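Source file: query_1.txt. Holds: compact mmCIF, C-alpha atoms.
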# COMPACT_ATOMS: atom_id res chain seq x y z
CA MET A 1 -9.37 63.14 62.82
CA ASP A 2 -11.29 63.62 66.06
CA ASN A 3 -10.45 66.89 67.83
CA ALA A 4 -9.68 65.08 71.09
CA ILE A 5 -7.00 63.08 69.29
CA TYR A 6 -5.45 66.22 67.78
CA ALA A 7 -5.28 67.89 71.18
CA THR A 8 -3.87 64.80 72.91
CA LEU A 9 -1.24 64.20 70.23
CA THR A 10 0.13 67.73 70.59
CA ARG A 11 0.34 67.21 74.35
CA GLN A 12 2.07 63.84 73.87
CA SER A 13 4.60 65.38 71.50
CA GLY A 14 5.39 68.08 74.07
CA LEU A 15 5.73 65.53 76.86
CA MET A 16 8.23 63.57 74.77
CA LYS A 17 10.32 66.73 74.37
CA GLU A 18 10.08 67.40 78.09
CA MET A 19 11.18 63.84 78.88
CA GLU A 20 14.24 64.31 76.65
CA VAL A 21 15.12 67.55 78.45
CA VAL A 22 14.67 66.02 81.91
CA ALA A 23 16.80 63.02 80.93
CA ASN A 24 19.50 65.38 79.66
CA ASN A 25 19.41 67.31 82.94
CA ILE A 26 19.91 64.10 84.92
CA ALA A 27 22.76 63.06 82.62
CA ASN A 28 24.48 66.41 83.29
CA ALA A 29 23.92 66.54 87.04
CA ASP A 30 27.68 66.24 87.55
CA THR A 31 28.76 68.38 84.56
CA THR A 32 30.79 71.43 85.55
CA GLY A 33 28.90 74.66 84.89
CA TYR A 34 25.79 73.01 83.43
CA ARG A 35 22.51 74.90 83.66
CA ARG A 36 19.19 73.09 84.09
CA GLN A 37 16.84 73.20 81.09
CA GLY A 38 13.05 73.16 81.03
CA VAL A 39 10.34 73.02 78.35
CA VAL A 40 7.96 75.95 77.83
CA PHE A 41 4.37 74.97 77.02
CA SER A 42 1.89 77.41 75.55
CA GLU A 43 -1.62 77.22 74.13
CA TYR A 44 -2.01 76.91 70.37
CA VAL A 45 -5.49 77.67 69.04
CA ALA A 46 -6.49 76.45 65.57
CA ALA A 47 -9.71 76.88 63.62
CA THR A 48 -11.67 73.70 62.88
CA GLU A 49 -12.86 72.70 59.41
CA THR A 50 -16.46 72.55 60.61
CA GLY A 51 -16.40 76.12 61.87
CA ASP A 52 -17.16 75.05 65.44
CA SER A 53 -15.32 76.37 68.47
CA PRO A 54 -11.55 76.71 67.92
CA LEU A 55 -9.40 73.76 68.88
CA SER A 56 -7.02 74.41 71.79
CA MET A 57 -3.78 72.43 71.72
CA ALA A 58 -0.54 72.34 73.72
CA TRP A 59 2.61 73.61 72.01
CA ALA A 60 6.04 72.92 73.49
CA HIS A 61 7.78 75.55 71.41
CA GLY A 62 10.79 76.54 73.50
CA ARG A 63 13.18 75.84 76.34
CA LEU A 64 13.81 77.71 79.55
CA THR A 65 17.29 77.86 81.08
CA ASP A 66 17.62 78.07 84.85
CA LEU A 67 20.54 80.46 85.44
CA THR A 68 20.62 79.92 89.19
CA ALA A 69 24.23 79.54 90.31
CA GLY A 70 25.42 76.09 91.31
CA GLY A 71 27.67 75.33 94.25
CA THR A 72 31.45 75.19 93.87
CA SER A 73 33.78 72.32 94.56
CA GLU A 74 37.50 72.35 95.21
CA THR A 75 39.79 70.70 92.64
CA GLY A 76 43.17 72.19 93.54
CA ALA A 77 44.03 72.54 89.83
CA PRO A 78 45.71 75.95 89.24
CA LEU A 79 43.79 76.59 86.00
CA ASP A 80 40.36 75.74 87.39
CA PHE A 81 38.38 78.93 88.04
CA ALA A 82 34.92 79.55 89.47
CA ILE A 83 32.83 82.72 89.18
CA GLU A 84 31.10 83.65 92.42
CA GLY A 85 28.14 85.80 91.42
CA GLU A 86 26.93 86.88 87.99
CA GLY A 87 28.90 86.66 84.79
CA PHE A 88 30.29 84.28 82.19
CA PHE A 89 33.69 83.38 80.79
CA GLN A 90 34.18 84.18 77.10
CA ILE A 91 35.50 81.50 74.75
CA GLN A 92 36.34 81.63 71.07
CA THR A 93 34.53 78.91 69.08
CA PRO A 94 34.14 78.22 65.34
CA ALA A 95 30.62 79.70 65.70
CA GLY A 96 31.97 82.90 67.26
CA VAL A 97 32.39 84.08 70.82
CA GLN A 98 30.29 82.10 73.28
CA LEU A 99 29.79 82.23 77.03
CA THR A 100 30.14 79.57 79.71
CA ARG A 101 30.28 79.14 83.47
CA ALA A 102 32.38 75.98 83.16
CA GLY A 103 35.80 77.14 84.37
CA SER A 104 37.90 74.00 84.01
CA PHE A 105 40.74 75.18 81.76
CA LEU A 106 44.21 74.05 80.71
CA ARG A 107 47.31 75.28 78.88
CA ASN A 108 47.64 73.91 75.35
CA GLY A 109 50.79 73.22 73.39
CA GLU A 110 50.91 76.81 72.14
CA GLY A 111 50.75 78.19 75.67
CA GLN A 112 47.17 79.46 75.42
CA LEU A 113 44.50 79.10 78.08
CA VAL A 114 41.84 76.84 76.57
CA THR A 115 38.80 74.74 77.43
CA PRO A 116 39.15 70.94 77.55
CA ASP A 117 38.05 70.78 73.89
CA GLY A 118 40.59 73.36 72.78
CA MET A 119 38.54 76.59 72.61
CA ALA A 120 40.54 79.70 73.56
CA VAL A 121 39.54 81.54 76.73
CA LEU A 122 39.42 85.30 76.15
CA ASP A 123 40.72 88.17 78.25
CA ILE A 124 38.88 91.34 79.19
CA GLY A 125 39.69 92.79 75.76
CA GLY A 126 38.43 89.75 73.85
CA ALA A 127 41.86 88.32 72.96
CA PRO A 128 43.23 84.82 73.66
CA ILE A 129 45.29 84.48 76.85
CA ALA A 130 48.90 83.34 76.57
CA VAL A 131 50.01 81.62 79.79
CA PRO A 132 53.75 81.88 80.50
CA ASP A 133 55.71 79.16 82.23
CA GLY A 134 55.66 79.21 85.99
CA ALA A 135 53.15 79.08 88.82
CA VAL A 136 49.90 80.83 87.89
CA ALA A 137 47.93 82.81 90.46
CA LEU A 138 44.44 84.27 90.06
CA ALA A 139 43.23 87.40 91.86
CA SER A 140 39.56 87.77 92.71
CA ASP A 141 39.15 90.40 89.96
CA GLY A 142 40.36 87.94 87.32
CA THR A 143 43.95 89.17 87.07
CA LEU A 144 46.36 86.35 86.24
CA SER A 145 49.96 86.39 87.40
CA ALA A 146 52.94 84.11 86.82
CA ASN A 147 55.83 84.21 89.24
CA GLY A 148 54.35 87.38 90.73
CA ALA A 149 54.06 89.28 87.42
CA PRO A 150 50.55 90.03 86.02
CA PHE A 151 50.10 88.95 82.41
CA ALA A 152 46.33 89.03 81.68
CA GLN A 153 42.88 89.59 83.10
CA ILE A 154 40.15 87.06 82.36
CA GLY A 155 37.11 88.57 80.72
CA VAL A 156 33.91 88.06 82.72
CA VAL A 157 30.84 89.47 80.99
CA VAL A 158 27.06 89.58 81.16
CA PRO A 159 24.55 90.11 78.32
CA ALA A 160 23.54 93.74 77.87
CA ALA A 161 20.06 94.71 79.03
CA ASP A 162 18.65 94.63 75.48
CA SER A 163 20.35 91.34 74.56
CA GLN A 164 19.16 87.74 74.78
CA LEU A 165 21.10 84.78 76.13
CA LEU A 166 20.55 81.59 74.11
CA HIS A 167 21.63 78.10 75.07
CA THR A 168 23.62 76.52 72.23
CA SER A 169 24.83 73.18 73.54
CA GLY A 170 26.28 71.63 76.67
CA THR A 171 27.45 74.42 78.96
CA ARG A 172 27.69 77.10 76.27
CA PHE A 173 25.54 80.09 75.42
CA SER A 174 25.45 82.60 72.60
CA VAL A 175 24.22 86.18 72.85
CA GLU A 176 21.84 87.89 70.46
CA GLY A 177 23.09 91.42 70.92
CA THR A 178 26.05 92.63 72.92
CA THR A 179 27.79 91.88 76.19
CA GLU A 180 29.27 94.15 78.82
CA PRO A 181 31.78 93.61 81.63
CA ALA A 182 30.26 92.13 84.76
CA GLY A 183 30.13 94.47 87.74
CA GLU A 184 31.46 93.24 91.05
CA ILE A 185 33.06 89.88 90.38
CA ALA A 186 34.85 87.38 92.58
CA LEU A 187 36.82 84.58 90.97
CA ALA A 188 38.20 81.64 92.92
CA GLN A 189 41.20 79.56 91.86
CA GLY A 190 41.35 75.80 92.21
CA ARG A 191 37.57 75.52 92.24
CA VAL A 192 34.85 74.88 89.64
CA GLU A 193 31.14 75.56 89.66
CA SER A 194 28.93 72.51 89.82
CA SER A 195 25.76 71.86 87.82
CA ASN A 196 22.63 73.49 89.27
CA VAL A 197 20.58 70.34 88.60
CA ASP A 198 18.87 68.76 91.61
CA SER A 199 18.80 65.06 90.68
CA VAL A 200 16.00 64.22 93.12
CA THR A 201 13.75 66.95 91.71
CA GLU A 202 14.49 65.90 88.13
CA ILE A 203 13.74 62.24 88.83
CA ALA A 204 10.44 63.23 90.43
CA ARG A 205 9.68 65.34 87.36
CA MET A 206 10.52 62.43 85.09
CA VAL A 207 8.01 60.23 86.92
CA ALA A 208 5.33 62.93 86.63
CA VAL A 209 5.96 63.36 82.89
CA GLN A 210 5.85 59.60 82.34
CA ARG A 211 2.52 59.32 84.15
CA ALA A 212 1.08 62.22 82.15
CA TYR A 213 2.22 60.54 78.94
CA GLU A 214 0.64 57.22 79.98
CA LEU A 215 -2.68 58.99 80.70
CA GLY A 216 -2.57 60.59 77.27
CA GLN A 217 -1.81 57.25 75.63
CA SER A 218 -4.72 55.67 77.48
CA LEU A 219 -7.04 58.36 76.11
CA LEU A 220 -5.75 57.78 72.57
CA ASP A 221 -6.32 54.04 72.92
CA ARG A 222 -9.91 54.60 74.11
CA GLU A 223 -10.60 57.04 71.29
CA ASP A 224 -9.20 54.59 68.76
CA GLU A 225 -11.41 51.84 70.10
CA ARG A 226 -14.45 54.13 70.06
CA ILE A 227 -13.85 55.10 66.42
CA ARG A 228 -13.37 51.46 65.43
CA ASN A 229 -16.65 50.54 67.12
CA VAL A 230 -18.47 53.35 65.32
CA ILE A 231 -17.05 52.28 61.94
CA SER A 232 -17.94 48.66 62.63
CA THR A 233 -21.50 49.60 63.61
CA LEU A 234 -22.02 51.80 60.53
CA SER A 235 -20.67 49.17 58.19
CA GLN A 236 -23.17 46.54 59.32

Represent the structure of the file as structure tokens.
Amino acid sequence: MDNAIYATLTRQSGLMKEMEVVANNIANADTTGYRRQGVVFSEYVAATETGDSPLSMAWAHGRLTDLTAGGTSETGAPLDFAIEGEGFFQIQTPAGVQLTRAGSFLRNGEGQLVTPDGMAVLDIGGAPIAVPDGAVALASDGTLSANGAPFAQIGVVVPAADSQLLHTSGTRFSVEGTTEPAGEIALAQGRVESSNVDSVTEIARMVAVQRAYELGQSLLDREDERIRNVISTLSQ
């Protein structure tokens, strides 16, 4: 296959991935605690069969997560919490402990503090939080009280310096390595953190990606026509 087609196809494949990511960002513009995703492009150099100059191609091999904090909005729900500053809530999932900034929680039938899909929220010691009956109050340091009596402290952590934060799905992250307690934290009750997606910026990016894809497709069409003309000429 012609080298120009190889190079263009790798770029087209990457643009398709980027379009999927941008569309997912737009779909989650109103999702509590969502973090904007981006595609990372790098150069991939391959040797050619003819031994000529190496072929340079685009490789969309990874995603970048924008960890910029989103704004907060008031809900008034007593078990909705927002982290102001760095840090993540810890939740227990079937895949192990994961992190999230989405602080919309509830009390399940067993009295535990859980996410909307039933994953237990963990305290500062990594244990599930049992919420007693009564009015729940949250202090800025994460201490939870019911009827004036403290009963738990929500665990807010950050990845250790030598650890890597990996996006798993939705608003959740896993950590390759260890976590450590966040430093100065400030939690707010009755509020949740919004998505950090700027819809206008994402729509503009979607248009740019679409135009780039159309230009690549136009090049492929011209190359296909050129090759057909060459084959037709040689066969006469």

Extract, using all atoms listed in the file, all DNA, RNA and protein residues at most 10 Å from A:Ala102, discarding same-chain residues fewer than 5 positions from it, and format them as a list in words.
Thr31, Thr32, Gly33, Tyr34, Arg35, Asp80, Phe81, Ala82, Ile83, Phe88, Phe89, Thr115, Gly170, Thr171, Arg172, Val192, Glu193, Ser194 and Ser195 of chain A

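Between atom CA of A:Phe151 and atom CA of A:Asp133 lies a distance of 11.3 Å.
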
What gap, in Å, lies between atom CA of A:Glu20 and atom CA of A:Val209?
10.4 Å

Give me the residues within 9 Å of A:Tyr213 as a ChimeraX atom specification, counting only C-alpha atoms and dropping any in the same chain fewer than 3 places off.
/A:11-12,15-16,208-210,216-218

Atom CA of A:Ala139 to atom CA of A:Asp117: how many Å, to one decimal?
25.0 Å

So which residues are close to (42.9, 79.2, 77.5), meaning at most 12 Å away in the file's coordinates with all atoms listed in the file counted, and can you show them as a ChimeraX atom specification?
/A:79-81,89-93,103-123,127-132,144,152-155

For A:Ala29, the nearest of the candidates A:Leu165, A:Val207, A:Leu215, A:Val197, counting only C-alpha atoms:
A:Val197
